[in-house]
Structure formats: structure tokens, C-alpha cells
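Q: What follows is the file run-v3.cif, containing mmCIF, C-alpha atoms:
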```
data_target
#
loop_
_atom_site.label_atom_id
_atom_site.label_comp_id
_atom_site.auth_asym_id
_atom_site.auth_seq_id
_atom_site.Cartn_x
_atom_site.Cartn_y
_atom_site.Cartn_z
CA MET A 1 0.00 0.00 0.00
CA LYS A 2 2.85 2.36 0.95
CA ASN A 3 4.50 1.68 -2.40
CA VAL A 4 1.31 2.59 -4.22
CA PHE A 5 1.11 5.93 -2.37
CA PHE A 6 4.78 6.66 -3.14
CA ALA A 7 4.26 5.86 -6.81
CA ILE A 8 1.20 8.14 -7.00
CA ALA A 9 3.07 10.94 -5.19
CA PHE A 10 6.02 10.71 -7.61
CA MET A 11 3.70 10.69 -10.60
CA LEU A 12 1.95 13.83 -9.36
CA LEU A 13 5.26 15.60 -8.74
CA GLY A 14 6.54 14.59 -12.18
CA THR A 15 3.39 15.82 -13.90
CA PHE A 16 3.57 19.15 -12.06
CA ALA A 17 7.24 19.66 -12.92
CA PHE A 18 6.65 18.85 -16.60
CA ALA A 19 3.61 21.12 -16.88
CA ASN A 20 5.48 23.96 -15.20
CA ASN A 21 8.46 23.61 -17.53
CA ASN A 22 6.23 23.54 -20.62
CA GLU A 23 4.55 26.78 -19.62
CA LYS A 24 7.93 28.50 -19.21
CA VAL A 25 9.12 27.53 -22.71
CA ASP A 26 5.83 28.72 -24.21
CA LYS A 27 6.12 32.16 -22.62
CA GLU A 28 9.75 32.65 -23.51
CA THR A 29 9.59 31.77 -27.15
CA LYS A 30 6.56 33.38 -28.70
CA LEU A 31 7.89 36.92 -29.01
CA GLU A 32 11.22 36.15 -30.64
CA SER A 33 12.23 38.25 -33.63
CA ALA A 34 9.89 41.11 -32.65
CA LYS A 35 11.25 44.67 -32.60
CA VAL A 36 10.03 48.02 -31.41
CA GLU A 37 10.48 50.85 -33.89
CA TYR A 38 10.48 54.44 -32.69
CA ILE A 39 10.33 57.58 -34.79
CA THR A 40 10.06 61.35 -34.18
CA ILE A 41 8.37 63.50 -36.81
CA ASP A 42 7.87 67.25 -36.20
CA SER A 43 8.24 66.81 -32.44
CA ASN A 44 5.66 64.01 -32.40
CA CYS A 45 6.73 60.55 -31.27
CA TYR A 46 5.46 57.30 -32.68
CA VAL A 47 6.09 53.64 -31.93
CA ARG A 48 5.15 50.41 -33.58
CA TRP A 49 5.93 46.73 -33.17
CA CYS A 50 7.32 44.70 -36.02
CA TRP A 51 8.00 41.00 -36.31
CA LEU A 52 8.78 38.36 -38.87
CA GLU A 53 6.43 35.88 -40.40
CA GLY A 54 8.90 33.72 -42.25
CA THR A 55 10.56 36.25 -44.56
CA THR A 56 7.76 38.82 -44.37
CA LYS A 57 7.90 41.83 -42.08
CA LYS A 58 4.63 42.55 -40.30
CA CYS A 59 4.01 45.67 -38.23
CA THR A 60 1.30 47.34 -36.27
CA PRO A 61 0.39 50.86 -37.46
CA TRP A 62 2.41 53.73 -35.97
CA ASN A 63 0.95 54.80 -32.63
CA GLN A 64 1.58 58.27 -31.24
CA VAL A 65 3.06 58.29 -27.75
CA PRO A 66 3.89 61.23 -25.49
CA CYS A 67 7.42 62.53 -26.23
CA ASP A 68 7.84 64.53 -23.04
CA LYS A 69 7.71 61.44 -20.81
CA GLY A 70 10.73 59.95 -22.53
CA PHE A 71 10.98 56.60 -24.16
CA SER A 72 11.84 53.37 -22.52
CA THR A 73 11.73 49.98 -24.16
CA GLU A 74 10.84 48.49 -20.78
CA THR A 75 7.53 50.31 -20.65
CA LEU A 76 6.75 49.38 -24.23
CA GLU A 77 7.74 45.77 -24.29
CA PRO A 78 4.78 43.46 -24.57
CA SER A 79 4.30 41.66 -21.32
CA THR A 80 5.28 38.02 -21.26
CA GLN A 81 2.44 37.35 -18.83
CA GLU A 82 -0.76 36.00 -20.27
CA MET B 83 20.36 -24.85 -55.15
CA LEU B 84 22.18 -23.83 -58.30
CA LYS B 85 19.25 -21.57 -59.27
CA PHE B 86 19.34 -19.93 -55.84
CA LYS B 87 23.07 -19.19 -56.18
CA ARG B 88 22.47 -17.63 -59.59
CA LEU B 89 19.71 -15.50 -58.14
CA ILE B 90 22.01 -14.26 -55.37
CA VAL B 91 24.70 -13.36 -57.92
CA ILE B 92 22.17 -11.48 -60.06
CA VAL B 93 20.83 -9.54 -57.05
CA ILE B 94 24.35 -8.58 -55.92
CA GLY B 95 25.20 -7.51 -59.46
CA LEU B 96 22.10 -5.33 -59.65
CA LEU B 97 22.85 -3.72 -56.30
CA LEU B 98 26.42 -2.93 -57.37
CA THR B 99 25.18 -1.40 -60.62
CA LEU B 100 22.63 0.75 -58.80
CA ASN B 101 25.30 1.91 -56.36
CA ALA B 102 27.60 2.88 -59.21
CA TYR B 103 24.89 5.03 -60.79
CA SER B 104 23.65 6.68 -57.60
CA GLN B 105 25.58 9.87 -57.02
CA SER B 106 26.02 11.28 -53.54
CA LEU B 107 26.83 14.96 -53.71
CA LYS B 108 27.20 17.83 -51.30
CA ILE B 109 26.83 21.34 -52.71
CA GLN B 110 27.33 24.40 -50.57
CA TYR B 111 25.12 27.37 -51.46
CA GLN B 112 24.96 31.00 -50.51
CA GLN B 113 21.33 32.13 -50.29
CA GLN B 114 20.42 35.79 -49.86
CA PHE B 115 17.15 37.59 -49.64
CA GLU B 116 17.14 41.33 -49.13
CA ASN B 117 14.64 44.13 -49.59
CA SER B 118 14.06 47.35 -47.67
CA SER B 119 12.42 45.47 -44.75
CA VAL B 120 14.48 42.32 -44.19
CA ASN B 121 17.94 40.90 -44.75
CA PHE B 122 18.74 37.19 -44.85
CA ASP B 123 22.18 35.90 -45.73
CA GLU B 124 22.50 32.18 -45.20
CA ARG B 125 24.67 29.23 -46.08
CA TYR B 126 23.01 25.97 -47.02
CA ASP B 127 24.15 22.49 -47.96
CA LEU B 128 22.32 20.51 -50.59
CA ILE B 129 22.94 16.84 -49.94
CA ILE B 130 21.87 14.48 -52.68
CA ALA B 131 21.93 10.82 -51.73
CA ASP B 132 20.37 8.06 -53.77
CA THR B 133 16.67 8.85 -54.11
CA ILE B 134 16.36 11.75 -51.69
CA SER B 135 17.82 15.20 -51.17
CA ILE B 136 17.97 17.63 -48.28
CA TYR B 137 18.74 21.34 -48.51
CA ILE B 138 19.65 22.35 -44.99
CA GLU B 139 20.57 25.66 -43.38
CA ARG B 140 24.10 25.73 -41.94
CA GLU B 141 24.86 29.31 -41.01
CA ARG B 142 23.30 32.75 -40.77
CA ILE B 143 25.62 35.59 -41.71
CA GLY B 144 25.67 39.12 -40.28
CA GLU B 145 22.56 41.05 -39.21
CA HIS B 146 19.91 38.48 -39.88
CA GLY B 147 16.22 39.23 -40.16
CA LEU B 148 14.40 42.51 -39.61
CA LYS B 149 15.84 45.83 -40.68
CA GLY B 150 14.95 48.93 -38.70
CA ASN B 151 13.23 51.94 -40.21
CA GLU B 152 15.72 54.50 -41.50
CA ASN B 153 14.94 57.33 -39.11
CA GLY B 154 13.95 55.46 -36.02
CA GLU B 155 15.63 53.42 -33.39
CA VAL B 156 15.23 49.69 -33.20
CA PHE B 157 15.27 47.61 -30.06
CA LEU B 158 15.47 43.89 -30.21
CA PHE B 159 13.63 42.67 -27.15
CA ASN B 160 14.41 39.02 -27.08
CA LYS B 161 18.07 38.32 -27.61
CA ASN B 162 17.93 34.71 -26.48
CA GLN B 163 16.71 33.51 -29.81
CA LYS B 164 16.64 29.82 -30.46
CA ILE B 165 17.66 28.93 -33.96
CA HIS B 166 15.92 26.07 -35.64
CA ARG B 167 17.66 25.15 -38.84
CA LYS B 168 15.46 25.36 -41.88
CA TYR B 169 15.46 22.45 -44.27
CA TYR B 170 13.81 21.33 -47.50
CA LEU B 171 13.40 17.61 -47.93
CA ASN B 172 12.69 16.02 -51.30
CA LEU B 173 11.50 12.47 -50.74
CA LYS B 174 10.33 11.92 -54.32
CA GLU B 175 6.80 11.01 -53.22
CA GLN B 176 6.48 14.26 -51.26
CA PHE B 177 8.33 17.53 -50.64
CA LEU B 178 8.50 18.75 -47.05
CA PHE B 179 10.00 21.92 -45.69
CA SER B 180 10.58 23.25 -42.21
CA GLU B 181 10.13 26.89 -41.27
CA GLU B 182 10.27 28.62 -37.94
CA TYR B 183 7.19 30.68 -37.14
CA TYR B 184 7.22 32.51 -33.82
CA SER B 185 10.00 30.17 -32.69
CA GLU B 186 7.99 27.05 -33.40
CA PRO B 187 9.48 24.88 -36.14
CA LEU B 188 6.67 23.76 -38.42
CA LEU B 189 6.92 20.96 -40.94
CA ILE B 190 4.93 21.72 -44.08
CA LYS B 191 4.07 19.63 -47.11
CA GLU B 192 4.58 21.61 -50.28
CA ALA B 193 1.68 21.68 -52.75
CA ASP B 194 2.35 19.21 -55.59
CA SER B 195 0.71 21.47 -58.15
CA LEU B 196 3.28 24.20 -57.57
CA LEU B 197 6.31 21.93 -57.60
CA ASN B 198 5.20 20.16 -60.76
CA LYS B 199 4.85 23.42 -62.59
CA GLN B 200 6.94 23.17 -65.74
CA TRP B 201 10.11 25.11 -66.37
CA THR B 202 10.51 27.27 -69.46
CA TYR B 203 13.81 26.55 -71.19
CA ILE B 204 15.58 29.51 -72.79
CA ASP B 205 18.06 28.97 -75.62
CA THR B 206 21.07 30.71 -74.09
CA THR B 207 24.21 29.66 -72.26
CA LYS B 208 26.86 31.19 -70.02
CA THR B 209 29.87 29.93 -68.12
CA ILE B 210 29.75 30.25 -64.34
CA ASN B 211 33.08 29.28 -62.79
CA GLN B 212 34.09 26.32 -64.97
CA TYR B 213 30.54 25.16 -65.64
CA GLN B 214 28.71 25.65 -68.92
CA CYS B 215 25.20 26.65 -67.82
CA LYS B 216 21.79 26.76 -69.47
CA LEU B 217 18.92 29.01 -68.51
CA ALA B 218 15.44 28.04 -67.33
CA THR B 219 12.72 30.27 -65.91
CA LYS B 220 9.72 29.74 -63.68
CA ASN B 221 7.06 31.82 -61.95
CA PHE B 222 6.55 30.65 -58.39
CA ARG B 223 4.48 32.27 -55.62
CA GLY B 224 4.59 35.83 -56.87
CA ARG B 225 8.14 35.88 -58.19
CA SER B 226 9.73 35.24 -61.54
CA TYR B 227 12.98 33.28 -61.33
CA ASN B 228 15.95 32.86 -63.66
CA VAL B 229 17.83 29.65 -62.94
CA TRP B 230 21.19 28.67 -64.43
CA TYR B 231 21.94 24.94 -64.37
CA THR B 232 24.65 22.70 -65.74
CA THR B 233 24.14 19.31 -67.37
CA ASP B 234 27.78 18.48 -66.52
CA VAL B 235 26.35 17.30 -63.18
CA ARG B 236 23.26 15.25 -63.89
CA THR B 237 20.60 15.47 -61.19
CA ASN B 238 16.94 16.42 -60.91
CA TYR B 239 17.38 17.67 -57.36
CA GLY B 240 18.10 21.26 -56.51
CA PRO B 241 18.38 23.92 -53.81
CA TRP B 242 15.38 25.51 -52.06
CA LYS B 243 12.22 24.65 -54.01
CA PHE B 244 13.90 24.44 -57.40
CA ILE B 245 13.55 20.84 -58.55
CA GLY B 246 13.01 18.98 -61.79
CA LEU B 247 15.73 20.50 -63.97
CA PRO B 248 18.01 18.15 -65.97
CA GLY B 249 21.18 19.34 -64.21
CA LEU B 250 22.65 20.91 -61.11
CA ILE B 251 21.67 24.52 -60.32
CA ILE B 252 24.69 26.82 -60.14
CA GLU B 253 22.92 30.18 -59.80
CA ALA B 254 19.34 31.44 -59.37
CA TYR B 255 17.76 34.84 -58.80
CA ASP B 256 14.41 36.50 -59.07
CA LYS B 257 13.88 39.28 -61.57
CA LYS B 258 13.64 41.93 -58.83
CA LYS B 259 17.10 40.77 -57.67
CA GLU B 260 15.91 40.44 -54.07
CA PHE B 261 16.53 36.69 -53.92
CA HIS B 262 19.91 35.33 -54.97
CA LEU B 263 21.35 31.88 -54.68
CA LYS B 264 24.69 30.52 -55.93
CA ALA B 265 26.73 27.36 -55.59
CA LEU B 266 30.00 27.88 -53.71
CA ASN B 267 31.42 24.39 -53.63
CA ILE B 268 30.60 20.97 -55.08
CA SER B 269 31.96 17.76 -53.63
CA THR B 270 31.23 14.05 -53.73
CA LEU B 271 30.36 12.24 -50.53
CA ASN B 272 32.28 9.08 -49.83
CA SER B 273 30.49 6.20 -48.14
CA GLN B 274 31.81 7.12 -44.70
CA GLU B 275 30.71 10.75 -45.00
CA LYS B 276 27.34 9.58 -46.20
CA ALA B 277 26.96 7.34 -43.16
CA GLU B 278 28.02 10.15 -40.85
CA ILE B 279 25.46 12.68 -42.01
CA VAL B 280 23.81 13.68 -38.77
CA GLU B 281 20.88 15.23 -40.59
CA TRP B 282 19.48 11.86 -41.45
CA ASP B 283 18.10 12.00 -37.91
CA ILE B 284 15.63 14.42 -39.46
CA LEU B 285 14.23 11.54 -41.47
CA LYS B 286 13.63 9.54 -38.31
CA ASN B 287 12.14 12.49 -36.44
CA ILE B 288 9.66 13.59 -39.10
CA LYS B 289 7.70 10.38 -38.57
CA ASN B 290 6.69 11.74 -35.15
CA GLN B 291 6.07 15.31 -36.29
CA LYS B 292 2.82 16.81 -37.46
CA VAL B 293 2.94 17.66 -41.14
CA TYR B 294 0.87 20.72 -42.05
CA SER B 295 -0.71 21.31 -45.41
CA ILE B 296 -0.21 24.81 -46.88
CA GLU B 297 -3.74 25.78 -45.74
CA GLU B 298 -3.22 24.44 -42.20
CA PHE B 299 0.12 26.20 -42.06
CA GLN B 300 -1.47 29.54 -43.00
CA ASN B 301 -4.10 29.08 -40.28
CA LYS B 302 -1.39 28.30 -37.75
CA VAL B 303 0.53 31.47 -38.67
CA ALA B 304 -2.66 33.56 -38.38
CA GLU B 305 -3.31 32.03 -34.94
CA HIS B 306 0.22 32.94 -33.77
CA ARG B 307 -0.17 36.45 -35.18
CA GLN B 308 -3.31 36.99 -33.12
CA ILE B 309 -1.42 36.00 -29.94
CA ILE B 310 1.26 38.58 -30.75
CA LEU B 311 -1.32 41.29 -31.46
CA ASN B 312 -3.18 40.54 -28.21
CA ARG B 313 0.01 40.81 -26.20
CA ILE B 314 1.01 44.06 -27.83
CA SER B 315 -2.47 45.46 -27.37
CA ASN B 316 -2.42 44.61 -23.65
CA SER B 317 0.88 46.40 -23.10
CA LEU B 318 0.25 49.64 -25.00
CA PRO B 319 0.24 52.90 -23.01
CA ARG B 320 -3.21 54.03 -21.89
CA ASN B 321 -3.57 56.83 -24.41
CA VAL B 322 -2.89 54.59 -27.42
CA PRO B 323 -5.84 53.01 -29.26
CA LYS B 324 -6.06 49.32 -28.40
CA ASN B 325 -7.72 47.97 -31.52
CA ILE B 326 -4.54 47.35 -33.51
CA LYS B 327 -4.58 45.63 -36.88
CA ILE B 328 -1.71 44.84 -39.19
CA ASP B 329 -1.18 47.70 -41.58
CA CYS B 330 2.42 47.94 -42.67
CA GLU B 331 2.41 50.12 -45.77
CA ASP B 332 6.20 50.51 -45.89
CA CYS B 333 6.92 46.76 -45.55
CA ASP B 334 7.78 44.69 -48.62
CA GLU B 335 6.45 41.32 -49.63
CA GLY B 336 8.29 38.27 -48.29
CA LEU B 337 10.00 35.72 -50.47
CA GLU B 338 6.85 33.73 -51.16
CA LYS B 339 3.35 35.06 -51.58
CA TYR B 340 0.97 32.36 -50.32
#
```
Produce C-alpha cells that represent the structure in this file.

A:
Amino acid sequence: MKNVFFAIAFMLLGTFAFANNNEKVDKETKLESAKVEYITIDSNCYVRWCWLEGTTKKCTPWNQVPCDKGFSTETLEPSTQE
Amino acid sequence: MLKFKRLIVIVIGLLLTLNAYSQSLKIQYQQQFENSSVNFDERYDLIIADTISIYIERERIGEHGLKGNENGEVFLFNKNQKIHRKYYLNLKEQFLFSEEYYSEPLLIKEADSLLNKQWTYIDTTKTINQYQCKLATKNFRGRSYNVWYTTDVRTNYGPWKFIGLPGLIIEAYDKKKEFHLKALNISTLNSQEKAEIVEWDILKNIKNQKVYSIEEFQNKVAEHRQIILNRISNSLPRNVPKNIKIDCEDCDEGLEKY
């Protein structure tokens, strides 16, 4: 009986560890090859995100952002949290 | 018993003849694709062995991938990129290729109708390195290609998705001159080298991989794209409209237009 409980406990731990690891890989990999582009035109600031689909560049439209608050990639990076 | 011995001798003879005719070649290619949006400079090996061929990515040269806009700054925000090597596998009965989309390597079956599209042979020749080359042209997925091949090396296999010519491809480019491919080195594989080709593991592994049709592959890419757009939308500053759609007027077309 003890052996059965140990086996079940190990299986549960193994499943948890595997599921946890899978989630981590998923979050880390999906935003590779994406870039933030930043441009200033006539004192107006714009940003957009671009990424690759195979050999094709895809981008969001330019979005105006406040220039006076400065620009930090940290604040603009898409969150890796779902 | 005598008949059986004869049969064995005949079979061995046939096998030896087949082996003598089968050519195992390794051709190193430089493949470049550049427009105002992207820059790819890669080295590939085309390995031709018996009845199959593999065209496999070996190296990426220089700044690879997206170019920044001319006036703006560009920040790469995931430097820990995993690199999955691209490959194109011609198994005679089907043509498979691997591409990385959002870091997931997908295995896709190429549409037979496109690969079987006939070449147009042009009556002109030129010498590239020491090879006398003939010209063939083909329209494929939105581009018009000029392909120079030599009948000095007899094979129907070729680099990338160029197959079915009566000789080895030495140079190929599209008419816009954005795609360019050329052979750098041609060598014969000896039996030991052939046995040591690590990439044949790919053949074992594809049996366990999902193979996408072109349509399924397009759906998969669209699904990934939506994930990206959702993430970007969630992280935009408050004063930026959240309903973003893809609208990249200054981006060029990719290599293939699906």
C-alpha cells in the first residue's frame, strides 16, 4: 500500500514539474524576432511593433506616444504574462 | 540450389550497378534575400543521396532578419533567440520543408501542383566558374525566377524549391534581384561521409512530427499572429488606441506570396 502511495506521489510531482516547464518555454519563445520601432516627426513621437512571419515583415500601425515622458523599451515591451 | 546461387549473384550484381549510378553529392550554397524590410544571408548544404535530397541551413551571416526603419531606433527585445535550422526535404513522393514561425518549427508539405509546374527553357548559355550553364525560368508564388543549371552534373534535385531541372543549379535569382542563390562548392560524398550525415536523424524524427498542409500552415501562422497582437495590445500605453490591426504600408512582400 505504501509503495502505491509513493508511486502516486512521484507521478503527481513529475506531472507538475513537466507542466510547469512547458509553460515556461511557451512564454519565452513566442515573441522572438519582434522589434520596437520608434520615430520622431515634427516633435511628435510614434512607436510600432514589427516582427517576422517567415521572410515577411509585419508591423502594427504607428501609434503616437507622449514625447515629453521619454521613451523606454521596458515600458513598451509586450508583457510576457498571459 | 544452383538456381538460388544464380539469383544471389544477379541480385548482388544489380545492387552494385545501382550503387555505381547513384551519385552522392554535397553542394554548398549562398542564399540571400534582401529588400528594404528584411535581410537574410545564409549558407546551405544541398545533400543528394540516392533517391532523396535535403537542402539544410548551416549558417546565418551578419545582421539576420528585420531591418529597422531609417529614421527610427530599433530595439530587439528578445536576444535569447533559439535557432531552428530550416530544411527542404525532397522524398520523391512528397516535398516537405521546415520553417520557424514565432519560434515554433513547423513541418509543411509543399503543394504538388506548384512543384510540378513546368520550367521554361531559354536557348542561351553562359559559363559560371568552370561550368557551362543553361537558362530556365519559372514563376513561383509571386516571383519570376531565372535559374542557371549545368548538365555536366546530372541530377533532378536542386536547392530551395527548385527541382526537376536536368542538371545541377549553379545560380538562381528573381527578376527583382531580391533573392539570390549561388553554388559555392561541389563535392562528392564518400560512403563514410554519407553514413556520418547527422541530418538523417531528421528523417527519423519527421515520422513523429505533425505535417501541415499549406492551408493548415497559413491558419497556424494567423493564430500565432493573433497571440502577438493581443500581447502588444495589452501592453500599450493608456492613451494609445487598443484595436490594432496589421497595416504595414512601408513593408515589402516576403519571399513567397501564399

Q: Taking (7.2, 41.2, -45.6) in the coordinates of the supplied file, I want to know which residues reach to within 6 Å of it, counting all atoms listed in the file; could you give the answer as a list in words?

A: Thr56 and Lys57 of chain A; Cys333, Asp334, Glu335 and Gly336 of chain B

Q: Using the chain letters and residue numbers of this document, give as a list of chain:residue names the residues selected by the PyMOL selection byres ((chain A and resi 62) around 7).

A: A:Tyr46, A:Val47, A:Arg48, A:Thr60, A:Pro61, A:Asn63, A:Gln64

Q: How would the residues just chosen look if you wrote them out with C-alpha atoms as a compact mmCIF listing (two decimals), in the coordinates of the input?

A:
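And here's part-v6.txt as it stands now:
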```txt
# COMPACT_ATOMS: atom_id res chain seq x y z
CA TYR A 46 5.46 57.30 -32.68
CA VAL A 47 6.09 53.64 -31.93
CA ARG A 48 5.15 50.41 -33.58
CA THR A 60 1.30 47.34 -36.27
CA PRO A 61 0.39 50.86 -37.46
CA ASN A 63 0.95 54.80 -32.63
CA GLN A 64 1.58 58.27 -31.24
```

Q: Given the file shown, determine the residues that the PyMOL selection byres ((chain A and resi 55) around 8) selects; report them as a PyMOL selection string.

A: (chain A and resi 52-54+56-57) or (chain B and resi 120+147+336-338)

Q: Using all atoms listed in the file, which of the listed residues (B:Phe299, B:Tyr255, B:Tyr126, B:Trp230) sits closest to chain A?

A: B:Phe299

Q: If we count only C-alpha atoms, what is near Val303 of chain B at a cut-off of 10 Å, once residues fewer than 2 positions away on the same chain are taken out, given as a ChimeraX atom specification?

A: /A:53-54 /B:183-184,188,298-301,305-308

Q: Any idea what's packed within 12 Å of Lys259 of chain B, counting only C-alpha atoms, ignoring anything in its chain fewer than 6 positions away? Could you give it as a ChimeraX atom specification?

A: /B:114-117,225-228,337

Q: Once you have the residues from the selection above, write them out as a PDB file, in the frame of the given file, restricted to C-alpha atoms.

A:
```pdb
ATOM      1  CA  GLN B 114      20.420  35.790 -49.860  1.00  0.00           C
ATOM      2  CA  PHE B 115      17.150  37.590 -49.640  1.00  0.00           C
ATOM      3  CA  GLU B 116      17.140  41.330 -49.130  1.00  0.00           C
ATOM      4  CA  ASN B 117      14.640  44.130 -49.590  1.00  0.00           C
ATOM      5  CA  ARG B 225       8.140  35.880 -58.190  1.00  0.00           C
ATOM      6  CA  SER B 226       9.730  35.240 -61.540  1.00  0.00           C
ATOM      7  CA  TYR B 227      12.980  33.280 -61.330  1.00  0.00           C
ATOM      8  CA  ASN B 228      15.950  32.860 -63.660  1.00  0.00           C
ATOM      9  CA  LEU B 337      10.000  35.720 -50.470  1.00  0.00           C
TER      10      LEU B 337
END
```

Q: Check which residues satisfy the PyMOL selection byres ((chain B and resi 205) around 12) in the file shown, then give them as a list in words.

A: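 Selection result, ordered by chain and number: Thr202, Tyr203, Ile204, Thr206, Thr207, Lys208, Cys215, Lys216, Leu217, Ala218, Thr219 and Trp230 of chain B.
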
Q: With distances taken over all atoms listed in the file, which residue among B:Ala304, B:Ile284, B:Ala265, B:Leu271 lies nearest chain A?

A: B:Ala304

Q: Using atom CA of Ala254 of chain B and atom CA of Ser119 of chain B as the two end points, give the distance in Å to one decimal.

A: 21.4 Å

Q: Using all atoms listed in the file, find the one residue out of B:Gln112, B:Ser269, B:Ser185, B:Gln200 that sits nearest to chain A.

A: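 Of B:Gln112, B:Ser269, B:Ser185, B:Gln200, the one nearest chain A is B:Ser185, counting all atoms listed in the file.
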
Q: Quick one: pull the distance between atom CA of Lys276 of chain B and atom CA of Gln212 of chain B, Å, one decimal.

A: 26.0 Å

Q: Tell me, in Å to one decimal, how far atom CA of Ser118 of chain B is from atom CA of Ile138 of chain B.

A: 25.8 Å

Q: With distances taken over all atoms listed in the file, which residue among B:Tyr111, B:Tyr137, B:Trp201, B:Tyr340 lies nearest chain A?

A: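 Closest candidate: B:Tyr340.
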
Q: Using all atoms of segment 48-62 of chain A that appear in the file, construct an axis-aligned enclosing box with 5 Å of padding on every side and provide its centre coordinates and edge lengths in Å, rounded to one decimal, as JSON.

A:
```
{"center_x": 5.5, "center_y": 43.7, "center_z": -38.9, "size_x": 20.2, "size_y": 30.0, "size_z": 21.4}
```

Q: Mind checking which residues fall within 8 Å of Arg142 of chain B, counting all atoms listed in the file, ignoring those fewer than 3 positions away in the same chain, and posting them as a list in words?

A: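 Selected residues are Phe122, Asp123, Glu124, Arg125 and His146 of chain B.
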
Q: Just to be explicit: take each residue in the selection above, keep C-alpha atoms, and write the result as a PDB file, in the frame of the given file.

A:
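Final file, out10.pdb:
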```
ATOM      1  CA  PHE B 122      18.740  37.190 -44.850  1.00  0.00           C
ATOM      2  CA  ASP B 123      22.180  35.900 -45.730  1.00  0.00           C
ATOM      3  CA  GLU B 124      22.500  32.180 -45.200  1.00  0.00           C
ATOM      4  CA  ARG B 125      24.670  29.230 -46.080  1.00  0.00           C
ATOM      5  CA  HIS B 146      19.910  38.480 -39.880  1.00  0.00           C
TER       6      HIS B 146
END
```

Q: Using all atoms listed in the file, pick whichever of B:Gln274, B:Thr237, B:Thr232, B:Ser195 has the shortest atom-to-atom distance to Asn211 of chain B.

A: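 Looking at the shortest contact to Asn211 of chain B, the residue is B:Thr232.
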
Q: Smallest atom-to-atom distance to chain B: which of A:Asn44, A:Cys50, A:Asn3, A:Cys59, using all atoms listed in the file?

A: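 Closest residue, counting all atoms listed in the file: A:Cys59.
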
Q: Around (19.4, 20.8, -50.6) in the file's frame, which residues reach within 8 Å when counting only C-alpha atoms? Return as JSON, numbers by chain?

A: {"B": [109, 126, 127, 128, 129, 130, 135, 136, 137, 138, 169, 170, 171, 239, 240, 241, 242]}
